[in-house]
4 protein chains.
Amino acid sequence: MTLSAADITRLIREGVPGSADTGFLVERIEGQSVHCRNIYRPSQLRPGGTLSGPTLMGLADAAMYAVILANLGPLEMAVTQNLNINFLRKPAPRDLLAVASPLKIGRRSVALEVRIYSEGDDALVAHVTGSYALPHIA
Amino acid sequence: MTLSAADITRLIREGVPGSADTGFLVERIEGQSVHCRNIYRPSQLRPGGTLSGPTLMGLADAAMYAVILANLGPLEMAVTQNLNINFLRKPAPRDLLAVASPLKIGRRSVALEVRIYSEGDDALVAHVTGSYALPHIA
Amino acid sequence: MTLSAADITRLIREGVPGSADTGFLVERIEGQSVHCRNIYRPSQLRPGGTLSGPTLMGLADAAMYAVILANLGPLEMAVTQNLNINFLRKPAPRDLLAVASPLKIGRRSVALEVRIYSEGDDALVAHVTGSYALPHIA
Amino acid sequence: MTLSAADITRLIREGVPGSADTGFLVERIEGQSVHCRNIYRPSQLRPGGTLSGPTLMGLADAAMYAVILANLGPLEMAVTQNLNINFLRKPAPRDLLAVASPLKIGRRSVALEVRIYSEGDDALVAHVTGSYALPHIA
């Protein structure tokens with residue numbers, strides 16, 4: 001079963017708390033990669049006028065789950081095992097774009113990478129790697 | 001300048017978006033460590049009835065910042081450089097407790113550790129390490 | 001089957017390349033934790049006269065494996081999935097001590113923590129977390 | 001001052017313990033990225049006939065340092081702050097190739113990424129991110 005970008009946006013908005021709220025959406029699927037967007041909202045700012053760390057981490061987590069759904073179909077029981085984020089630049093008060101790709105799709109787990117940018121700027125805002133455990137298939 | 005648990009709660013609630021909203025609070029300071037709480041709210045659930053990953057990551061990020069404030073005073077310009085989280089158990093729909101401690105307080109950066117538990121349960125829910133860059137002191 | 005500190009030292013020296021060579025040994029097992037030692041050798045120095053990063057990473061990797069063996073018996077097929085190390089202080093040309101503990105022992109994987117010290121100094125030299133995948137039990 | 005691939009190989013072989021020994025070399029510099037090789041030696045095997053974790057971590061550490069040298073010149077005092085490695089596939093007894101790139105070159109630190117492959121195979125063997133602290137420039 002193949003899910004479209006719109007299907008995945010809907011599944012994640014239904015399933016991940018606050019994601020409807022934060023304006024998460026999947027824009028397109030390219031090969032095994034998924035391009036996502038976080039729509040900017042003033043409530044995501046931290047002092048100094050840049051987007052907060054939890055905003056970036058929430059986007060990365062949702063984008064990794066979008067890769068699982070795009071490549072493996074609607075697996076509800078996949079759970080994040082590990083997430084490592086390097087914050088590289090302070091993101092301006094603007095939409096964030098995330099490009100998420102699998103590093104390896106195994107039978108028991110998936111390792112992933114997410115690159116986060118500010119819209120209209122080529123410099124990386126954050127780099128994330130993580131792993132998801134897959135449910136056992138009987 | 002020494003900040004109390006209540007001072008730090010107020011500074012973080014003012015400064016970190018959504019933290020008032022999520023019910024983050026510093027309960028007490030013990031030596032260099034800070035004990036924090038995330039007050040449970042149904043909006044933090046994910047499918048399956050457990051607390052979401054971004055809820056844990058937001059708590060860890062705020063708890064690390066609380067350690068900086070408790071040990072170094074009100075440094076507004078400290079920024080997270082890196083955060084690594086291992087998700088160990090699915091947290092029940094209950095308050096989360098976080099114990100955050102410095103691993104090293106340097107002149108240029110602080111390395112920290114956070115242990116997250118579900119209230120009333122000794123088993124670790126998540127383990128987090130991270131680093132904060134400190135502002136240059138002229 | 002319970003393995004002693006000497007059993008585990010022997011299994012790791014046989015199995016992990018360079019570990020005999022580097023002078024890795026398990027000193028004692030305390031509850032679920034394992035205390036290990038890296039015997040100092042001048043070949044482990046880097047410019048400036050401190051112990052090299054790979055020396056610390058090799059010690060951490062062997063110490064995590066020692067925890068698996070101490071708690072689960074001789075599982076030859078356990079493999080490292082992830083290792084995250086924060087280098088905190090430059091280690092003097094002296095033996096290193098590592099205290100490694102499980103954060104969670106699951107059916108499919110084990111999450112672990114390692115604290116590395118220079119002998120005779122209470123300040124942490126490095127902090128490591130990691131995970132090992134366990135073989136399927138048919 | 002610009003260093004060639006041969007210059008960097010020599011500097012690292014002189015400076016990083018065991019690197020001459022392990023057969024580390026920089027093959028070429030492309031833009032900001034550096035392509036490195038670990039020449040296979042049977043002493044790097046672990047049980048099961050695959051290359052050991054410390055072999056991969058040592059290669060990643062040296063490759064990150066090679067990126068610093070290629071982009072910033074001969075900075076002897078740069079030190080690794082953090083290294084995070086995801087082990088994706090068991091590497092065959094063969095040369096390893098590492099492609100290391102900066103994620104961000106800042107004034108105080110450099111964040112880097114390393115992709116490790118087995119020679120002749122397009123599948124990633126390991127993915128590494130890390131950060132180096134730069135010395136203060138007076």
# chains A, B, ... in the order shown; residues from 1 in each chain; ligands from 1
>>> residues_around(residues="C:Asn71", least_positions_apart="3", cutoff="9 Å", atoms="only C-alpha atoms", output="PDB file with N, CA and C atoms, in the first residue's frame")
ATOM      1  N   THR C   2      26.426 -17.624  34.457  1.00  0.00           N
ATOM      2  CA  THR C   2      27.006 -16.387  34.962  1.00  0.00           C
ATOM      3  C   THR C   2      28.503 -16.357  34.682  1.00  0.00           C
ATOM      4  N   LEU C   3      28.953 -15.229  34.151  1.00  0.00           N
ATOM      5  CA  LEU C   3      30.366 -15.073  33.829  1.00  0.00           C
ATOM      6  C   LEU C   3      31.030 -14.197  34.889  1.00  0.00           C
ATOM      7  N   GLN C  32      24.292  -4.727  38.238  1.00  0.00           N
ATOM      8  CA  GLN C  32      24.255  -4.815  36.774  1.00  0.00           C
ATOM      9  C   GLN C  32      25.413  -4.053  36.116  1.00  0.00           C
ATOM     10  N   SER C  33      26.220  -3.370  36.916  1.00  0.00           N
ATOM     11  CA  SER C  33      27.287  -2.525  36.363  1.00  0.00           C
ATOM     12  C   SER C  33      28.617  -3.266  36.302  1.00  0.00           C
ATOM     13  N   ALA C  66      30.921  -5.729  27.750  1.00  0.00           N
ATOM     14  CA  ALA C  66      31.099  -6.418  29.036  1.00  0.00           C
ATOM     15  C   ALA C  66      29.798  -6.424  29.841  1.00  0.00           C
ATOM     16  N   VAL C  67      29.036  -5.335  29.774  1.00  0.00           N
ATOM     17  CA  VAL C  67      27.745  -5.290  30.482  1.00  0.00           C
ATOM     18  C   VAL C  67      26.770  -6.317  29.899  1.00  0.00           C
ATOM     19  N   ILE C  68      26.755  -6.424  28.574  1.00  0.00           N
ATOM     20  CA  ILE C  68      25.887  -7.427  27.918  1.00  0.00           C
ATOM     21  C   ILE C  68      26.261  -8.824  28.425  1.00  0.00           C
ATOM     22  N   PRO C 102      23.657  -0.826  32.348  1.00  0.00           N
ATOM     23  CA  PRO C 102      22.518  -0.828  31.431  1.00  0.00           C
ATOM     24  C   PRO C 102      21.523   0.264  31.823  1.00  0.00           C
ATOM     25  N   ILE C 105      17.432  -3.126  29.694  1.00  0.00           N
ATOM     26  CA  ILE C 105      17.678  -4.418  29.051  1.00  0.00           C
ATOM     27  C   ILE C 105      16.350  -4.895  28.483  1.00  0.00           C
TER      28      ILE C 105
END
>>> calpha_fit_and_write(fixed="chain B", moving="chain C", output="compact mmCIF listing (two decimals) with C-alpha atoms, in the first residue's frame")
# COMPACT_ATOMS: atom_id res chain seq x y z
CA MET C 1 23.31 35.73 41.69
CA THR C 2 21.48 32.64 42.86
CA LEU C 3 18.09 31.73 41.44
CA SER C 4 15.49 29.70 43.30
CA ALA C 5 13.43 26.88 41.79
CA ALA C 6 10.51 29.32 41.52
CA ASP C 7 12.71 31.96 39.81
CA ILE C 8 13.88 29.41 37.24
CA THR C 9 10.36 28.14 36.59
CA ARG C 10 9.27 31.71 35.90
CA LEU C 11 12.25 32.52 33.64
CA ILE C 12 11.73 29.36 31.57
CA ARG C 13 7.96 29.78 31.33
CA GLU C 14 8.52 33.30 30.07
CA GLY C 15 11.29 32.33 27.70
CA VAL C 16 10.60 28.89 26.28
CA PRO C 17 7.55 28.75 24.02
CA GLY C 18 4.87 26.36 25.06
CA SER C 19 6.48 25.71 28.44
CA ALA C 20 3.80 27.56 30.40
CA ASP C 21 1.39 25.71 28.25
CA THR C 22 2.90 22.29 28.89
CA GLY C 23 3.05 22.79 32.61
CA PHE C 24 6.82 22.67 33.01
CA LEU C 25 8.10 23.48 36.48
CA VAL C 26 11.28 23.23 38.51
CA GLU C 27 10.53 21.42 41.77
CA ARG C 28 13.84 21.71 43.56
CA ILE C 29 17.59 22.24 43.21
CA GLU C 30 19.92 19.72 44.87
CA GLY C 31 23.59 20.56 44.62
CA GLN C 32 24.23 21.09 40.91
CA SER C 33 21.18 19.03 39.87
CA VAL C 34 17.68 20.23 39.14
CA HIS C 35 14.47 18.23 39.58
CA CYS C 36 11.74 19.18 37.10
CA ARG C 37 8.17 18.11 36.37
CA ASN C 38 6.00 18.02 33.28
CA ILE C 39 2.36 18.18 34.31
CA TYR C 40 0.38 15.66 32.25
CA ARG C 41 -2.12 16.93 29.71
CA PRO C 42 -4.14 14.78 27.28
CA SER C 43 -2.89 16.88 24.34
CA GLN C 44 0.56 15.31 24.91
CA LEU C 45 -0.62 11.80 24.07
CA ARG C 46 0.19 9.92 20.89
CA PRO C 47 -1.72 6.96 19.44
CA GLY C 48 -1.58 4.06 21.85
CA GLY C 49 -2.11 6.35 24.82
CA THR C 50 1.52 7.13 25.71
CA LEU C 51 3.24 10.51 25.94
CA SER C 52 4.80 11.74 22.70
CA GLY C 53 8.50 12.02 21.85
CA PRO C 54 8.36 15.81 21.45
CA THR C 55 6.88 16.04 24.96
CA LEU C 56 9.95 14.23 26.33
CA MET C 57 12.38 16.26 24.21
CA GLY C 58 10.79 19.56 25.25
CA LEU C 59 11.01 18.56 28.90
CA ALA C 60 14.68 17.57 28.51
CA ASP C 61 15.56 20.81 26.75
CA ALA C 62 13.88 22.93 29.43
CA ALA C 63 15.48 20.86 32.23
CA MET C 64 18.97 21.36 30.74
CA TYR C 65 18.37 25.08 30.56
CA ALA C 66 17.23 25.00 34.20
CA VAL C 67 20.61 23.49 35.16
CA ILE C 68 22.42 26.33 33.35
CA LEU C 69 20.33 28.92 35.18
CA ALA C 70 20.73 27.19 38.57
CA ASN C 71 24.51 26.98 38.25
CA LEU C 72 25.47 30.05 36.25
CA GLY C 73 22.66 32.55 36.88
CA PRO C 74 20.40 34.17 34.28
CA LEU C 75 22.39 33.68 31.04
CA GLU C 76 19.91 34.49 28.33
CA MET C 77 22.18 33.77 25.42
CA ALA C 78 23.01 30.13 26.16
CA VAL C 79 21.94 28.00 23.20
CA THR C 80 21.56 24.25 22.76
CA GLN C 81 24.26 22.80 20.49
CA ASN C 82 23.46 19.13 20.63
CA LEU C 83 20.82 16.87 22.17
CA ASN C 84 20.84 13.08 22.10
CA ILE C 85 17.87 11.15 23.47
CA ASN C 86 17.37 7.42 23.96
CA PHE C 87 13.70 6.49 24.35
CA LEU C 88 13.60 3.53 26.71
CA ARG C 89 10.00 2.89 27.73
CA LYS C 90 6.61 4.22 26.64
CA PRO C 91 5.55 6.75 29.26
CA ALA C 92 2.13 6.31 30.78
CA PRO C 93 -0.38 9.22 30.75
CA ARG C 94 0.97 10.71 33.95
CA ASP C 95 3.34 13.48 35.10
CA LEU C 96 6.96 13.12 34.03
CA LEU C 97 9.85 13.79 36.39
CA ALA C 98 13.25 14.87 35.06
CA VAL C 99 16.52 14.95 36.98
CA ALA C 100 19.06 17.08 35.11
CA SER C 101 22.73 17.42 36.05
CA PRO C 102 25.84 18.97 34.56
CA LEU C 103 28.48 16.52 33.32
CA LYS C 104 30.93 19.39 32.89
CA ILE C 105 30.64 23.14 33.32
CA GLY C 106 33.29 24.72 31.11
CA ARG C 107 33.99 28.32 30.19
CA ARG C 108 32.65 27.93 26.67
CA SER C 109 30.08 25.19 27.01
CA VAL C 110 28.19 22.99 29.46
CA ALA C 111 27.57 19.26 28.94
CA LEU C 112 24.50 17.85 30.67
CA GLU C 113 22.57 14.69 31.38
CA VAL C 114 18.82 14.28 31.98
CA ARG C 115 17.04 11.20 33.33
CA ILE C 116 13.30 11.11 32.74
CA TYR C 117 10.87 9.00 34.77
CA SER C 118 7.11 8.52 34.98
CA GLU C 119 5.81 9.60 38.36
CA GLY C 120 5.60 6.63 40.69
CA ASP C 121 7.84 4.35 38.60
CA ASP C 122 11.59 3.80 39.07
CA ALA C 123 12.21 2.58 35.52
CA LEU C 124 13.87 5.15 33.23
CA VAL C 125 11.58 6.42 30.47
CA ALA C 126 14.32 8.27 28.57
CA HIS C 127 17.96 9.23 28.90
CA VAL C 128 19.25 12.46 27.39
CA THR C 129 22.66 14.07 27.01
CA GLY C 130 23.31 17.45 25.47
CA SER C 131 25.49 20.51 25.34
CA TYR C 132 24.84 24.22 25.61
CA ALA C 133 27.18 26.87 24.21
CA LEU C 134 27.76 29.76 26.61
CA PRO C 135 28.00 33.37 25.49
CA HIS C 136 31.44 34.94 25.33
CA ILE C 137 32.23 37.03 28.36
CA ALA C 138 34.12 40.08 27.17
>>> select_by_dssp(residues="chain A", states="alpha helix (DSSP H)", output="ChimeraX atom specification")
/A:5-15,19-22,53-72
>>> write_last_selection(atoms="C-alpha atoms", output="mmCIF file, in the first residue's frame")
data_model
loop_
_atom_site.group_PDB
_atom_site.id
_atom_site.type_symbol
_atom_site.label_atom_id
_atom_site.label_comp_id
_atom_site.auth_asym_id
_atom_site.auth_seq_id
_atom_site.Cartn_x
_atom_site.Cartn_y
_atom_site.Cartn_z
ATOM 1 C CA ALA A 5 2.041 13.091 0.658
ATOM 2 C CA ALA A 6 -1.508 14.135 1.560
ATOM 3 C CA ASP A 7 -2.262 10.720 3.142
ATOM 4 C CA ILE A 8 0.865 10.952 5.288
ATOM 5 C CA THR A 9 0.125 14.537 6.337
ATOM 6 C CA ARG A 10 -3.320 13.415 7.479
ATOM 7 C CA LEU A 11 -2.053 10.309 9.328
ATOM 8 C CA ILE A 12 0.576 12.324 11.191
ATOM 9 C CA ARG A 13 -1.747 15.198 12.010
ATOM 10 C CA GLU A 14 -4.188 12.692 13.447
ATOM 11 C CA GLY A 15 -1.546 10.731 15.306
ATOM 12 C CA SER A 19 1.259 18.434 14.741
ATOM 13 C CA ALA A 20 -2.000 19.802 13.330
ATOM 14 C CA ASP A 21 -1.466 22.645 15.667
ATOM 15 C CA THR A 22 2.101 23.332 14.576
ATOM 16 C CA GLY A 53 14.659 23.820 19.874
ATOM 17 C CA PRO A 54 11.496 21.804 20.579
ATOM 18 C CA THR A 55 9.988 23.181 17.349
ATOM 19 C CA LEU A 56 12.939 21.749 15.401
ATOM 20 C CA MET A 57 12.881 18.444 17.306
ATOM 21 C CA GLY A 58 9.138 18.019 16.784
ATOM 22 C CA LEU A 59 9.547 18.675 13.066
ATOM 23 C CA ALA A 60 12.409 16.148 12.831
ATOM 24 C CA ASP A 61 10.440 13.495 14.698
ATOM 25 C CA ALA A 62 7.393 13.923 12.465
ATOM 26 C CA ALA A 63 9.549 13.967 9.318
ATOM 27 C CA MET A 64 11.236 10.687 10.305
ATOM 28 C CA TYR A 65 7.853 9.097 10.874
ATOM 29 C CA ALA A 66 6.772 10.387 7.448
ATOM 30 C CA VAL A 67 9.705 8.496 5.878
ATOM 31 C CA ILE A 68 8.598 5.277 7.606
ATOM 32 C CA LEU A 69 5.042 5.725 6.325
ATOM 33 C CA ALA A 70 6.190 6.610 2.804
ATOM 34 C CA ASN A 71 8.455 3.579 2.531
ATOM 35 C CA LEU A 72 6.707 0.927 4.607
#
>>> select_by_dssp(residues="chain B", states="strand (DSSP E)", output="mmCIF file with N, CA and C atoms, in the first residue's frame")
data_model
loop_
_atom_site.group_PDB
_atom_site.id
_atom_site.type_symbol
_atom_site.label_atom_id
_atom_site.label_comp_id
_atom_site.auth_asym_id
_atom_site.auth_seq_id
_atom_site.Cartn_x
_atom_site.Cartn_y
_atom_site.Cartn_z
ATOM 1 N N PHE B 24 5.468 22.928 32.519
ATOM 2 C CA PHE B 24 6.821 22.659 32.998
ATOM 3 C C PHE B 24 7.066 23.405 34.301
ATOM 4 N N LEU B 25 7.674 22.728 35.273
ATOM 5 C CA LEU B 25 8.100 23.458 36.459
ATOM 6 C C LEU B 25 9.311 22.819 37.115
ATOM 7 N N VAL B 26 10.116 23.677 37.754
ATOM 8 C CA VAL B 26 11.279 23.220 38.523
ATOM 9 C C VAL B 26 10.801 22.968 39.946
ATOM 10 N N GLU B 27 11.007 21.756 40.418
ATOM 11 C CA GLU B 27 10.536 21.429 41.770
ATOM 12 C C GLU B 27 11.566 21.751 42.850
ATOM 13 N N ARG B 28 12.828 21.355 42.569
ATOM 14 C CA ARG B 28 13.847 21.710 43.553
ATOM 15 C C ARG B 28 15.248 21.584 42.947
ATOM 16 N N ILE B 29 16.172 22.253 43.618
ATOM 17 C CA ILE B 29 17.577 22.240 43.213
ATOM 18 C C ILE B 29 18.333 21.482 44.299
ATOM 19 N N GLU B 30 19.127 20.502 43.896
ATOM 20 C CA GLU B 30 19.914 19.723 44.865
ATOM 21 C C GLU B 30 21.360 19.717 44.415
ATOM 22 N N SER B 33 22.263 19.666 40.643
ATOM 23 C CA SER B 33 21.176 19.036 39.877
ATOM 24 C C SER B 33 19.846 19.753 40.078
ATOM 25 N N VAL B 34 18.979 19.605 39.087
ATOM 26 C CA VAL B 34 17.670 20.234 39.135
ATOM 27 C C VAL B 34 16.601 19.166 38.875
ATOM 28 N N HIS B 35 15.578 19.157 39.737
ATOM 29 C CA HIS B 35 14.467 18.223 39.578
ATOM 30 C C HIS B 35 13.290 18.976 38.961
ATOM 31 N N CYS B 36 12.798 18.490 37.830
ATOM 32 C CA CYS B 36 11.736 19.186 37.097
ATOM 33 C C CYS B 36 10.531 18.262 36.905
ATOM 34 N N ARG B 37 9.405 18.865 36.573
ATOM 35 C CA ARG B 37 8.169 18.116 36.357
ATOM 36 C C ARG B 37 7.473 18.624 35.099
ATOM 37 N N ASN B 38 6.915 17.689 34.354
ATOM 38 C CA ASN B 38 6.003 18.022 33.270
ATOM 39 C C ASN B 38 4.613 17.557 33.694
ATOM 40 N N LEU B 45 -0.572 13.224 24.411
ATOM 41 C CA LEU B 45 -0.628 11.793 24.067
ATOM 42 C C LEU B 45 -0.396 11.554 22.582
ATOM 43 N N ARG B 46 0.142 10.383 22.275
ATOM 44 C CA ARG B 46 0.190 9.921 20.889
ATOM 45 C C ARG B 46 -0.643 8.635 20.787
ATOM 46 N N THR B 50 0.310 6.767 24.976
ATOM 47 C CA THR B 50 1.524 7.119 25.717
ATOM 48 C C THR B 50 1.941 8.551 25.359
ATOM 49 N N LEU B 51 2.817 9.122 26.177
ATOM 50 C CA LEU B 51 3.248 10.498 25.928
ATOM 51 C C LEU B 51 4.171 10.559 24.711
ATOM 52 N N VAL B 79 22.726 28.685 24.207
ATOM 53 C CA VAL B 79 21.939 27.990 23.187
ATOM 54 C C VAL B 79 22.325 26.516 23.115
ATOM 55 N N THR B 80 21.322 25.675 22.902
ATOM 56 C CA THR B 80 21.564 24.242 22.756
ATOM 57 C C THR B 80 22.388 23.991 21.499
ATOM 58 N N GLN B 81 23.445 23.185 21.655
ATOM 59 C CA GLN B 81 24.260 22.810 20.496
ATOM 60 C C GLN B 81 23.868 21.426 20.011
ATOM 61 N N ASN B 82 23.680 20.524 20.972
ATOM 62 C CA ASN B 82 23.459 19.119 20.623
ATOM 63 C C ASN B 82 22.545 18.505 21.663
ATOM 64 N N LEU B 83 21.642 17.635 21.230
ATOM 65 C CA LEU B 83 20.805 16.880 22.169
ATOM 66 C C LEU B 83 20.667 15.458 21.629
ATOM 67 N N ASN B 84 20.950 14.490 22.486
ATOM 68 C CA ASN B 84 20.836 13.079 22.098
ATOM 69 C C ASN B 84 19.920 12.387 23.084
ATOM 70 N N ILE B 85 18.829 11.795 22.578
ATOM 71 C CA ILE B 85 17.858 11.156 23.467
ATOM 72 C C ILE B 85 17.671 9.689 23.092
ATOM 73 N N ASN B 86 17.726 8.836 24.120
ATOM 74 C CA ASN B 86 17.371 7.431 23.969
ATOM 75 C C ASN B 86 16.019 7.205 24.638
ATOM 76 N N PHE B 87 15.039 6.787 23.841
ATOM 77 C CA PHE B 87 13.702 6.494 24.354
ATOM 78 C C PHE B 87 13.700 5.051 24.845
ATOM 79 N N LEU B 96 5.584 13.556 34.221
ATOM 80 C CA LEU B 96 6.964 13.111 34.027
ATOM 81 C C LEU B 96 7.866 13.876 34.990
ATOM 82 N N LEU B 97 8.860 13.157 35.526
ATOM 83 C CA LEU B 97 9.857 13.786 36.394
ATOM 84 C C LEU B 97 11.205 13.722 35.691
ATOM 85 N N ALA B 98 11.934 14.827 35.705
ATOM 86 C CA ALA B 98 13.252 14.870 35.057
ATOM 87 C C ALA B 98 14.292 15.319 36.070
ATOM 88 N N VAL B 99 15.382 14.554 36.144
ATOM 89 C CA VAL B 99 16.517 14.941 36.980
ATOM 90 C C VAL B 99 17.661 15.308 36.039
ATOM 91 N N ALA B 100 18.042 16.572 36.049
ATOM 92 C CA ALA B 100 19.053 17.074 35.116
ATOM 93 C C ALA B 100 20.287 17.530 35.876
ATOM 94 N N SER B 101 21.466 17.139 35.374
ATOM 95 C CA SER B 101 22.732 17.422 36.059
ATOM 96 C C SER B 101 23.789 17.821 35.041
ATOM 97 N N PRO B 102 24.721 18.683 35.452
ATOM 98 C CA PRO B 102 25.846 18.970 34.562
ATOM 99 C C PRO B 102 26.836 17.811 34.567
ATOM 100 N N LEU B 103 27.359 17.471 33.396
ATOM 101 C CA LEU B 103 28.474 16.527 33.308
ATOM 102 C C LEU B 103 29.785 17.304 33.380
ATOM 103 N N LYS B 104 29.758 18.486 32.792
ATOM 104 C CA LYS B 104 30.920 19.386 32.894
ATOM 105 C C LYS B 104 30.472 20.820 32.646
ATOM 106 N N ILE B 105 30.891 21.709 33.520
ATOM 107 C CA ILE B 105 30.643 23.133 33.311
ATOM 108 C C ILE B 105 31.957 23.768 32.899
ATOM 109 N N SER B 109 31.251 26.013 27.200
ATOM 110 C CA SER B 109 30.066 25.183 27.011
ATOM 111 C C SER B 109 29.803 24.348 28.260
ATOM 112 N N VAL B 110 28.592 23.857 28.353
ATOM 113 C CA VAL B 110 28.186 22.986 29.455
ATOM 114 C C VAL B 110 27.630 21.698 28.850
ATOM 115 N N ALA B 111 28.112 20.553 29.349
ATOM 116 C CA ALA B 111 27.565 19.256 28.936
ATOM 117 C C ALA B 111 26.643 18.780 30.054
ATOM 118 N N LEU B 112 25.500 18.197 29.661
ATOM 119 C CA LEU B 112 24.482 17.849 30.658
ATOM 120 C C LEU B 112 23.883 16.481 30.396
ATOM 121 N N GLU B 113 23.258 15.972 31.439
ATOM 122 C CA GLU B 113 22.565 14.686 31.384
ATOM 123 C C GLU B 113 21.180 14.876 32.001
ATOM 124 N N VAL B 114 20.167 14.244 31.420
ATOM 125 C CA VAL B 114 18.816 14.286 31.981
ATOM 126 C C VAL B 114 18.262 12.862 32.034
ATOM 127 N N ARG B 115 17.725 12.495 33.190
ATOM 128 C CA ARG B 115 17.052 11.205 33.330
ATOM 129 C C ARG B 115 15.568 11.477 33.526
ATOM 130 N N ILE B 116 14.734 10.853 32.699
ATOM 131 C CA ILE B 116 13.291 11.111 32.744
ATOM 132 C C ILE B 116 12.554 9.860 33.217
ATOM 133 N N TYR B 117 11.668 10.069 34.181
ATOM 134 C CA TYR B 117 10.864 8.998 34.771
ATOM 135 C C TYR B 117 9.380 9.350 34.675
ATOM 136 N N SER B 118 8.534 8.320 34.749
ATOM 137 C CA SER B 118 7.104 8.520 34.969
ATOM 138 C C SER B 118 6.900 8.607 36.474
ATOM 139 N N LEU B 124 13.589 3.994 34.105
ATOM 140 C CA LEU B 124 13.867 5.147 33.236
ATOM 141 C C LEU B 124 12.966 5.133 32.006
ATOM 142 N N VAL B 125 12.370 6.260 31.691
ATOM 143 C CA VAL B 125 11.569 6.418 30.469
ATOM 144 C C VAL B 125 12.459 6.888 29.310
ATOM 145 N N ALA B 126 13.397 7.770 29.611
ATOM 146 C CA ALA B 126 14.310 8.258 28.575
ATOM 147 C C ALA B 126 15.582 8.770 29.222
ATOM 148 N N HIS B 127 16.669 8.709 28.456
ATOM 149 C CA HIS B 127 17.961 9.231 28.909
ATOM 150 C C HIS B 127 18.449 10.213 27.854
ATOM 151 N N VAL B 128 18.879 11.382 28.310
ATOM 152 C CA VAL B 128 19.249 12.461 27.403
ATOM 153 C C VAL B 128 20.612 13.022 27.784
ATOM 154 N N THR B 129 21.456 13.262 26.781
ATOM 155 C CA THR B 129 22.654 14.076 27.011
ATOM 156 C C THR B 129 22.622 15.237 26.026
ATOM 157 N N GLY B 130 23.298 16.306 26.372
ATOM 158 C CA GLY B 130 23.306 17.445 25.474
ATOM 159 C C GLY B 130 24.354 18.444 25.861
ATOM 160 N N SER B 131 24.537 19.434 25.013
ATOM 161 C CA SER B 131 25.479 20.507 25.337
ATOM 162 C C SER B 131 24.876 21.859 25.000
ATOM 163 N N TYR B 132 25.222 22.832 25.800
ATOM 164 C CA TYR B 132 24.836 24.228 25.606
ATOM 165 C C TYR B 132 26.100 25.047 25.394
ATOM 166 N N ALA B 133 26.081 25.910 24.396
ATOM 167 C CA ALA B 133 27.176 26.874 24.216
ATOM 168 C C ALA B 133 26.896 28.088 25.078
#
